[in-house]
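> Hey, dropping upload-v1.tsv in here, TSV, N, CA and C atoms:
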chain	number	residue	atom	x	y	z
A	1	GLU	N	174.29	13.43	171.98
A	1	GLU	CA	173.60	13.95	170.82
A	1	GLU	C	172.26	13.22	170.64
A	2	GLU	N	171.31	13.94	170.05
A	2	GLU	CA	169.99	13.37	169.79
A	2	GLU	C	169.71	13.36	168.30
A	3	ILE	N	168.69	12.60	167.90
A	3	ILE	CA	168.26	12.58	166.51
A	3	ILE	C	167.54	13.88	166.21
A	4	PHE	N	167.88	14.52	165.10
A	4	PHE	CA	167.23	15.76	164.67
A	4	PHE	C	166.17	15.43	163.64
A	5	TYR	N	164.93	15.86	163.86
A	5	TYR	CA	163.83	15.66	162.93
A	5	TYR	C	163.55	16.98	162.22
A	6	SER	N	163.64	16.98	160.91
A	6	SER	CA	163.47	18.22	160.15
A	6	SER	C	162.01	18.47	159.78
A	7	ALA	N	161.79	19.65	159.22
A	7	ALA	CA	160.47	20.01	158.70
A	7	ALA	C	160.16	19.18	157.46
A	8	ARG	N	158.90	19.25	157.02
A	8	ARG	CA	158.46	18.52	155.83
A	8	ARG	C	158.06	19.50	154.74
A	9	TYR	N	158.11	19.01	153.50
A	9	TYR	CA	157.55	19.76	152.39
A	9	TYR	C	156.89	18.79	151.44
A	10	ASN	N	156.01	19.28	150.58
A	10	ASN	CA	155.29	18.44	149.63
A	10	ASN	C	155.65	18.82	148.21
A	11	ASP	N	155.72	17.80	147.34
A	11	ASP	CA	155.73	18.06	145.90
A	11	ASP	C	154.43	17.46	145.37
A	12	ASP	N	154.31	17.22	144.09
A	12	ASP	CA	153.06	16.70	143.53
A	12	ASP	C	152.73	15.29	144.00
A	13	LYS	N	153.74	14.51	144.36
A	13	LYS	CA	153.52	13.11	144.66
A	13	LYS	C	153.87	12.72	146.10
A	14	TYR	N	154.87	13.37	146.69
A	14	TYR	CA	155.37	12.93	147.99
A	14	TYR	C	155.41	14.07	149.01
A	15	GLU	N	155.39	13.65	150.25
A	15	GLU	CA	155.70	14.51	151.39
A	15	GLU	C	157.13	14.11	151.75
A	16	VAL	N	158.02	15.05	151.85
A	16	VAL	CA	159.43	14.74	152.04
A	16	VAL	C	159.96	15.47	153.26
A	17	LYS	N	160.81	14.79	154.00
A	17	LYS	CA	161.50	15.44	155.10
A	17	LYS	C	162.63	16.27	154.48
A	18	ARG	N	162.56	17.57	154.67
A	18	ARG	CA	163.49	18.52	154.04
A	18	ARG	C	164.92	18.34	154.60
A	19	GLU	N	165.89	18.56	153.75
A	19	GLU	CA	167.28	18.43	154.15
A	19	GLU	C	167.67	19.56	155.08
A	20	PRO	N	168.39	19.40	156.17
A	20	PRO	CA	168.88	18.09	156.56
A	20	PRO	C	167.73	17.24	157.10
A	21	ILE	N	167.55	16.11	156.52
A	21	ILE	CA	166.37	15.30	156.72
A	21	ILE	C	166.32	14.69	158.12
A	22	MET	N	167.13	13.76	158.34
A	22	MET	CA	167.18	13.06	159.61
A	22	MET	C	168.66	12.97	159.96
A	23	ILE	N	169.06	13.69	160.96
A	23	ILE	CA	170.47	13.67	161.32
A	23	ILE	C	170.64	12.81	162.57
A	24	LEU	N	171.38	11.74	162.41
A	24	LEU	CA	171.64	10.83	163.53
A	24	LEU	C	172.94	11.22	164.21
A	25	PRO	N	173.02	10.98	165.49
A	25	PRO	CA	174.32	11.16	166.15
A	25	PRO	C	175.36	10.29	165.44
A	26	LYS	N	176.56	10.80	165.28
A	26	LYS	CA	177.58	10.07	164.52
A	26	LYS	C	177.93	8.73	165.15
A	27	GLN	N	177.77	8.60	166.47
A	27	GLN	CA	178.06	7.31	167.09
A	27	GLN	C	177.04	6.25	166.69
A	28	ILE	N	175.82	6.66	166.34
A	28	ILE	CA	174.82	5.72	165.82
A	28	ILE	C	175.05	5.50	164.33
A	29	ALA	N	175.33	6.56	163.61
A	29	ALA	CA	175.47	6.49	162.15
A	29	ALA	C	176.57	5.54	161.72
A	30	ARG	N	177.58	5.39	162.50
A	30	ARG	CA	178.68	4.50	162.08
A	30	ARG	C	178.24	3.04	161.99
A	31	TRP	N	177.12	2.69	162.62
A	31	TRP	CA	176.61	1.32	162.57
A	31	TRP	C	175.62	1.10	161.42
A	32	LEU	N	175.25	2.17	160.72
A	32	LEU	CA	174.28	2.04	159.63
A	32	LEU	C	174.86	1.28	158.45
A	33	PRO	N	174.10	0.34	157.89
A	33	PRO	CA	174.56	-0.28	156.65
A	33	PRO	C	174.52	0.74	155.52
A	34	LYS	N	175.35	0.58	154.52
A	34	LYS	CA	175.44	1.53	153.41
A	34	LYS	C	174.45	1.15	152.32
A	35	ARG	N	173.15	1.16	152.69
A	35	ARG	CA	172.06	0.84	151.77
A	35	ARG	C	170.78	1.43	152.33
A	36	ILE	N	169.72	1.39	151.54
A	36	ILE	CA	168.41	1.85	152.00
A	36	ILE	C	167.94	0.92	153.12
A	37	LEU	N	167.43	1.51	154.18
A	37	LEU	CA	166.99	0.72	155.35
A	37	LEU	C	165.50	0.42	155.29
A	38	SER	N	165.14	-0.76	155.76
A	38	SER	CA	163.72	-1.09	155.92
A	38	SER	C	163.19	-0.34	157.13
A	39	GLU	N	161.87	-0.28	157.25
A	39	GLU	CA	161.27	0.39	158.40
A	39	GLU	C	161.74	-0.24	159.71
A	40	GLN	N	161.77	-1.55	159.75
A	40	GLN	CA	162.22	-2.24	160.96
A	40	GLN	C	163.66	-1.85	161.32
A	41	GLU	N	164.50	-1.73	160.31
A	41	GLU	CA	165.90	-1.36	160.56
A	41	GLU	C	166.03	0.07	161.09
A	42	TRP	N	165.38	1.05	160.40
A	42	TRP	CA	165.57	2.42	160.88
A	42	TRP	C	164.92	2.65	162.24
A	43	ARG	N	163.82	1.94	162.51
A	43	ARG	CA	163.22	2.05	163.85
A	43	ARG	C	164.15	1.46	164.92
A	44	SER	N	164.90	0.43	164.58
A	44	SER	CA	165.82	-0.19	165.54
A	44	SER	C	166.94	0.76	165.95
A	45	PHE	N	167.20	1.80	165.16
A	45	PHE	CA	168.20	2.81	165.50
A	45	PHE	C	167.60	3.96	166.31
A	46	GLY	N	166.32	3.85	166.67
A	46	GLY	CA	165.69	4.85	167.53
A	46	GLY	C	164.95	5.95	166.79
A	47	ILE	N	164.79	5.81	165.48
A	47	ILE	CA	164.06	6.81	164.71
A	47	ILE	C	162.57	6.56	164.90
A	48	LYS	N	161.83	7.62	165.27
A	48	LYS	CA	160.40	7.51	165.54
A	48	LYS	C	159.65	8.43	164.58
A	49	GLN	N	158.81	7.83	163.76
A	49	GLN	CA	157.98	8.57	162.81
A	49	GLN	C	156.65	7.85	162.68
A	50	SER	N	155.65	8.57	162.21
A	50	SER	CA	154.36	7.95	161.99
A	50	SER	C	154.43	7.00	160.79
A	51	VAL	N	153.37	6.30	160.57
A	51	VAL	CA	153.29	5.27	159.54
A	51	VAL	C	153.42	5.87	158.14
A	52	GLY	N	154.03	5.12	157.24
A	52	GLY	CA	154.07	5.50	155.83
A	52	GLY	C	155.39	6.06	155.35
A	53	TRP	N	156.30	6.42	156.24
A	53	TRP	CA	157.59	6.97	155.83
A	53	TRP	C	158.50	5.86	155.35
A	54	GLU	N	159.26	6.16	154.29
A	54	GLU	CA	160.25	5.22	153.79
A	54	GLU	C	161.59	5.93	153.61
A	55	HIS	N	162.64	5.22	153.96
A	55	HIS	CA	164.00	5.71	153.72
A	55	HIS	C	164.23	5.50	152.22
A	56	PHE	N	164.50	6.58	151.47
A	56	PHE	CA	164.54	6.44	150.02
A	56	PHE	C	165.84	6.86	149.36
A	57	MET	N	166.76	7.46	150.11
A	57	MET	CA	167.98	7.91	149.46
A	57	MET	C	169.13	7.94	150.46
A	58	LEU	N	170.30	7.59	149.95
A	58	LEU	CA	171.53	7.70	150.74
A	58	LEU	C	172.20	9.03	150.42
A	59	HIS	N	172.82	9.61	151.42
A	59	HIS	CA	173.56	10.87	151.24
A	59	HIS	C	175.02	10.54	151.54
A	60	ASP	N	175.72	10.02	150.52
A	60	ASP	CA	177.07	9.48	150.70
A	60	ASP	C	178.05	10.41	151.41
A	61	PRO	N	178.08	11.71	151.10
A	61	PRO	CA	179.06	12.55	151.79
A	61	PRO	C	178.84	12.61	153.31
A	62	GLU	N	177.59	12.45	153.73
A	62	GLU	CA	177.27	12.51	155.15
A	62	GLU	C	176.33	11.36	155.51
A	63	PRO	N	176.89	10.18	155.80
A	63	PRO	CA	176.05	9.00	156.04
A	63	PRO	C	175.15	9.10	157.26
A	64	HIS	N	175.34	10.09	158.12
A	64	HIS	CA	174.48	10.27	159.29
A	64	HIS	C	173.21	11.04	158.94
A	65	ILE	N	173.06	11.46	157.67
A	65	ILE	CA	171.84	12.13	157.21
A	65	ILE	C	171.02	11.14	156.40
A	66	LEU	N	169.79	10.88	156.83
A	66	LEU	CA	168.90	9.94	156.15
A	66	LEU	C	167.75	10.73	155.52
A	67	LEU	N	167.37	10.37	154.31
A	67	LEU	CA	166.30	11.06	153.61
A	67	LEU	C	165.06	10.15	153.58
A	68	PHE	N	163.93	10.71	154.00
A	68	PHE	CA	162.67	9.97	154.08
A	68	PHE	C	161.58	10.66	153.27
A	69	ARG	N	160.65	9.84	152.78
A	69	ARG	CA	159.48	10.39	152.10
A	69	ARG	C	158.29	9.47	152.36
A	70	ARG	N	157.10	9.99	152.07
A	70	ARG	CA	155.90	9.17	152.07
A	70	ARG	C	154.92	9.78	151.08
A	71	GLU	N	153.97	8.97	150.67
A	71	GLU	CA	152.97	9.42	149.71
A	71	GLU	C	152.26	10.67	150.24
A	72	LYS	N	152.05	11.63	149.37
A	72	LYS	CA	151.37	12.87	149.76
A	72	LYS	C	149.97	12.54	150.29
A	73	ASP	N	149.56	13.20	151.34
A	73	ASP	CA	148.26	12.99	151.99
A	73	ASP	C	148.09	11.57	152.50
A	74	TYR	N	149.17	10.93	152.87
A	74	TYR	CA	149.14	9.54	153.36
A	74	TYR	C	148.17	9.39	154.53
A	75	GLN	N	148.25	10.28	155.49
A	75	GLN	CA	147.41	10.14	156.69
A	75	GLN	C	145.92	10.29	156.36
A	76	VAL	N	145.59	11.08	155.37
A	76	VAL	CA	144.20	11.23	154.96
A	76	VAL	C	143.73	9.98	154.21
A	77	LYS	N	144.55	9.50	153.28
A	77	LYS	CA	144.19	8.34	152.46
A	77	LYS	C	144.12	7.05	153.26
A	78	TYR	N	144.99	6.92	154.26
A	78	TYR	CA	145.09	5.66	155.01
A	78	TYR	C	144.86	5.91	156.50
A	79	SER	N	143.83	6.62	156.84
A	79	SER	CA	143.60	7.01	158.24
A	79	SER	C	143.50	5.81	159.17
A	80	ASN	N	142.98	4.69	158.73
A	80	ASN	CA	142.91	3.49	159.60
A	80	ASN	C	144.30	3.01	159.97
A	81	ALA	N	145.23	3.04	159.04
A	81	ALA	CA	146.60	2.59	159.31
A	81	ALA	C	147.30	3.53	160.29
A	82	THR	N	147.07	4.83	160.15
A	82	THR	CA	147.76	5.77	161.03
A	82	THR	C	147.21	5.73	162.45
A	83	GLN	N	145.96	5.36	162.60
A	83	GLN	CA	145.37	5.29	163.94
A	83	GLN	C	145.86	4.08	164.72
A	84	THR	N	146.29	3.03	164.04
A	84	THR	CA	146.73	1.83	164.73
A	84	THR	C	148.12	1.96	165.33
A	85	ARG	N	148.89	2.99	164.90
A	85	ARG	CA	150.24	3.16	165.41
A	85	ARG	C	150.43	4.59	165.90
A	86	GLY	N	149.52	5.07	166.67
A	86	GLY	CA	149.56	6.45	167.16
A	86	GLY	C	150.72	6.73	168.08
A	87	GLY	N	150.91	8.02	168.34
A	87	GLY	CA	151.93	8.43	169.29
A	87	GLY	C	153.30	8.63	168.70
A	88	LEU	N	153.45	8.53	167.39
A	88	LEU	CA	154.76	8.70	166.78
A	88	LEU	C	154.89	10.06	166.13
A	89	VAL	N	156.11	10.51	165.94
A	89	VAL	CA	156.38	11.81	165.33
A	89	VAL	C	155.95	11.79	163.87
A	90	GLY	N	155.25	12.86	163.40
A	90	GLY	CA	154.74	12.98	162.03
A	90	GLY	C	155.83	12.91	161.05
For the structure just supplied, provide its representation as structure tokens.


Amino acid sequence: EEIFYSARYNDDKYEVKREPIMILPKQIARWLPKRILSEQEWRSFGIKQSVGWEHFMLHDPEPHILLFRREKDYQVKYSNATQTRGGLVG
């Protein structure tokens, strides 16, 4: 199984990965701590995204689904930061 990356949507404040947000293979998900992960932690599980995304919510019924968001227009506002870590999935 592979990590599934979902589409994005925007509200007034955030760009959000739409549910199902990030679906991890269950063999990886069983090792996830039952708390919000830091960027270093979620990247260590093989999740690849561009700069600015934060894991912001747990989905208790399905712990292999991770919900991510970032500030709306992040790449426009912080273009220098996004250029330093290129090559990652939006």

> I'd like to know which residues of chain A are strand (DSSP E or B) (by DSSP, run on the backbone); could you write them as a PyMOL selection string?

chain A and resi 4-5+8-10+14-17+22-23+54-58+65-71

> Nearest to A:Phe4 among A:Glu41, A:Met22, A:Val76, A:Ile28, with distances taken over only N, CA and C atoms: which residue is it?

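Counting only N, CA and C atoms, the residue closest to A:Phe4 is A:Met22.
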
> Using only C-alpha atoms, can you tell me which of A:Asp12, A:Glu2, A:Ile23, A:Trp53 comes closest to A:Leu37?

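Smallest separation from A:Leu37 among the options: A:Trp53.
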
> As an exercise, work out the distance from atom C of A:Arg30 to atom N of A:Gly52 in Å and give it to one decimal place.

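Atom C of A:Arg30 sits 24.8 Å away from atom N of A:Gly52.
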
> Skip A:Ile3 itself and residues of its chain fewer than 2 positions away, then list as a ChimeraX atom specification all residues within 8 Å of it, counting all atoms listed in the file.

/A:1,5-6,22-25,46-47

> Could you write out, as a list in words, all the residues of chain A that DSSP marks as alpha helix (DSSP H)?

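Of chain A, the ones in alpha helix (DSSP H) are Lys26, Gln27, Ile28, Ala29, Glu39, Gln40, Glu41, Trp42, Arg43, Ser44, Tyr74, Gln75, Val76, Lys77, Ser79, Asn80, Ala81, Thr82 and Gln83 of chain A.
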
> Keeping N, CA and C atoms for every residue in the selection just given, could you write it to a file as a tab-separated table (two decimals), keeping the file's coordinate frame?


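Below you can see part.tsv, which holds the result:
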chain	number	residue	atom	x	y	z
A	26	LYS	N	176.56	10.80	165.28
A	26	LYS	CA	177.58	10.07	164.52
A	26	LYS	C	177.93	8.73	165.15
A	27	GLN	N	177.77	8.60	166.47
A	27	GLN	CA	178.06	7.31	167.09
A	27	GLN	C	177.04	6.25	166.69
A	28	ILE	N	175.82	6.66	166.34
A	28	ILE	CA	174.82	5.72	165.82
A	28	ILE	C	175.05	5.50	164.33
A	29	ALA	N	175.33	6.56	163.61
A	29	ALA	CA	175.47	6.49	162.15
A	29	ALA	C	176.57	5.54	161.72
A	39	GLU	N	161.87	-0.28	157.25
A	39	GLU	CA	161.27	0.39	158.40
A	39	GLU	C	161.74	-0.24	159.71
A	40	GLN	N	161.77	-1.55	159.75
A	40	GLN	CA	162.22	-2.24	160.96
A	40	GLN	C	163.66	-1.85	161.32
A	41	GLU	N	164.50	-1.73	160.31
A	41	GLU	CA	165.90	-1.36	160.56
A	41	GLU	C	166.03	0.07	161.09
A	42	TRP	N	165.38	1.05	160.40
A	42	TRP	CA	165.57	2.42	160.88
A	42	TRP	C	164.92	2.65	162.24
A	43	ARG	N	163.82	1.94	162.51
A	43	ARG	CA	163.22	2.05	163.85
A	43	ARG	C	164.15	1.46	164.92
A	44	SER	N	164.90	0.43	164.58
A	44	SER	CA	165.82	-0.19	165.54
A	44	SER	C	166.94	0.76	165.95
A	74	TYR	N	149.17	10.93	152.87
A	74	TYR	CA	149.14	9.54	153.36
A	74	TYR	C	148.17	9.39	154.53
A	75	GLN	N	148.25	10.28	155.49
A	75	GLN	CA	147.41	10.14	156.69
A	75	GLN	C	145.92	10.29	156.36
A	76	VAL	N	145.59	11.08	155.37
A	76	VAL	CA	144.20	11.23	154.96
A	76	VAL	C	143.73	9.98	154.21
A	77	LYS	N	144.55	9.50	153.28
A	77	LYS	CA	144.19	8.34	152.46
A	77	LYS	C	144.12	7.05	153.26
A	79	SER	N	143.83	6.62	156.84
A	79	SER	CA	143.60	7.01	158.24
A	79	SER	C	143.50	5.81	159.17
A	80	ASN	N	142.98	4.69	158.73
A	80	ASN	CA	142.91	3.49	159.60
A	80	ASN	C	144.30	3.01	159.97
A	81	ALA	N	145.23	3.04	159.04
A	81	ALA	CA	146.60	2.59	159.31
A	81	ALA	C	147.30	3.53	160.29
A	82	THR	N	147.07	4.83	160.15
A	82	THR	CA	147.76	5.77	161.03
A	82	THR	C	147.21	5.73	162.45
A	83	GLN	N	145.96	5.36	162.60
A	83	GLN	CA	145.37	5.29	163.94
A	83	GLN	C	145.86	4.08	164.72

> So that I can see what lies close to A:His55, please list as a list of chain:residue names the residues with an atom at most 6 Å from it, counting all atoms listed in the file and leaving out residues fewer than 5 positions away in the same chain.

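Counting all atoms listed in the file, the residues come to A:Ile36, A:Leu37, A:Leu67, A:Phe68, A:Arg69.
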
> Please, what distance in Å, to one decimal, runs between atom CA of A:Ala29 and atom CA of A:Arg8?

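For atom CA of A:Ala29 relative to atom CA of A:Arg8, the distance reads 21.8 Å.
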
> Quick one: residues within 7 Å of A:Glu15, all atoms listed in the file counted, chain neighbours fewer than 4 positions away excluded, as a list of chain:residue names?

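These residues fall inside the cut-off: A:Arg8, A:Tyr9, A:Asn10, A:Asp11, A:Phe68, A:Arg69, A:Arg70, A:Glu71, A:Lys72, A:Asp73.
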
> Write a file of the just-selected residues containing N, CA and C atoms, as a JSON list (two decimals), keeping the file's coordinate frame.


[["chain", "number", "residue", "atom", "x", "y", "z"],
["A", 8, "ARG", "N", 158.90, 19.25, 157.02],
["A", 8, "ARG", "CA", 158.46, 18.52, 155.83],
["A", 8, "ARG", "C", 158.06, 19.50, 154.74],
["A", 9, "TYR", "N", 158.11, 19.01, 153.50],
["A", 9, "TYR", "CA", 157.55, 19.76, 152.39],
["A", 9, "TYR", "C", 156.89, 18.79, 151.44],
["A", 10, "ASN", "N", 156.01, 19.28, 150.58],
["A", 10, "ASN", "CA", 155.29, 18.44, 149.63],
["A", 10, "ASN", "C", 155.65, 18.82, 148.21],
["A", 11, "ASP", "N", 155.72, 17.80, 147.34],
["A", 11, "ASP", "CA", 155.73, 18.06, 145.90],
["A", 11, "ASP", "C", 154.43, 17.46, 145.37],
["A", 68, "PHE", "N", 163.93, 10.71, 154.00],
["A", 68, "PHE", "CA", 162.67, 9.97, 154.08],
["A", 68, "PHE", "C", 161.58, 10.66, 153.27],
["A", 69, "ARG", "N", 160.65, 9.84, 152.78],
["A", 69, "ARG", "CA", 159.48, 10.39, 152.10],
["A", 69, "ARG", "C", 158.29, 9.47, 152.36],
["A", 70, "ARG", "N", 157.10, 9.99, 152.07],
["A", 70, "ARG", "CA", 155.90, 9.17, 152.07],
["A", 70, "ARG", "C", 154.92, 9.78, 151.08],
["A", 71, "GLU", "N", 153.97, 8.97, 150.67],
["A", 71, "GLU", "CA", 152.97, 9.42, 149.71],
["A", 71, "GLU", "C", 152.26, 10.67, 150.24],
["A", 72, "LYS", "N", 152.05, 11.63, 149.37],
["A", 72, "LYS", "CA", 151.37, 12.87, 149.76],
["A", 72, "LYS", "C", 149.97, 12.54, 150.29],
["A", 73, "ASP", "N", 149.56, 13.20, 151.34],
["A", 73, "ASP", "CA", 148.26, 12.99, 151.99],
["A", 73, "ASP", "C", 148.09, 11.57, 152.50]]

> What is the distance, in Å and to one decimal place, between atom CA of A:Arg43 and atom CA of A:Tyr74?

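According to the coordinates, atom CA of A:Arg43 and atom CA of A:Tyr74 are separated by 19.1 Å.
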
> Which of these residues is nearest to A:Trp42, using only C-alpha atoms: A:Phe56, A:Lys77, A:Lys13, A:Glu62?

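Comparing A:Phe56, A:Lys77, A:Lys13, A:Glu62 against A:Trp42, the winner is A:Phe56.
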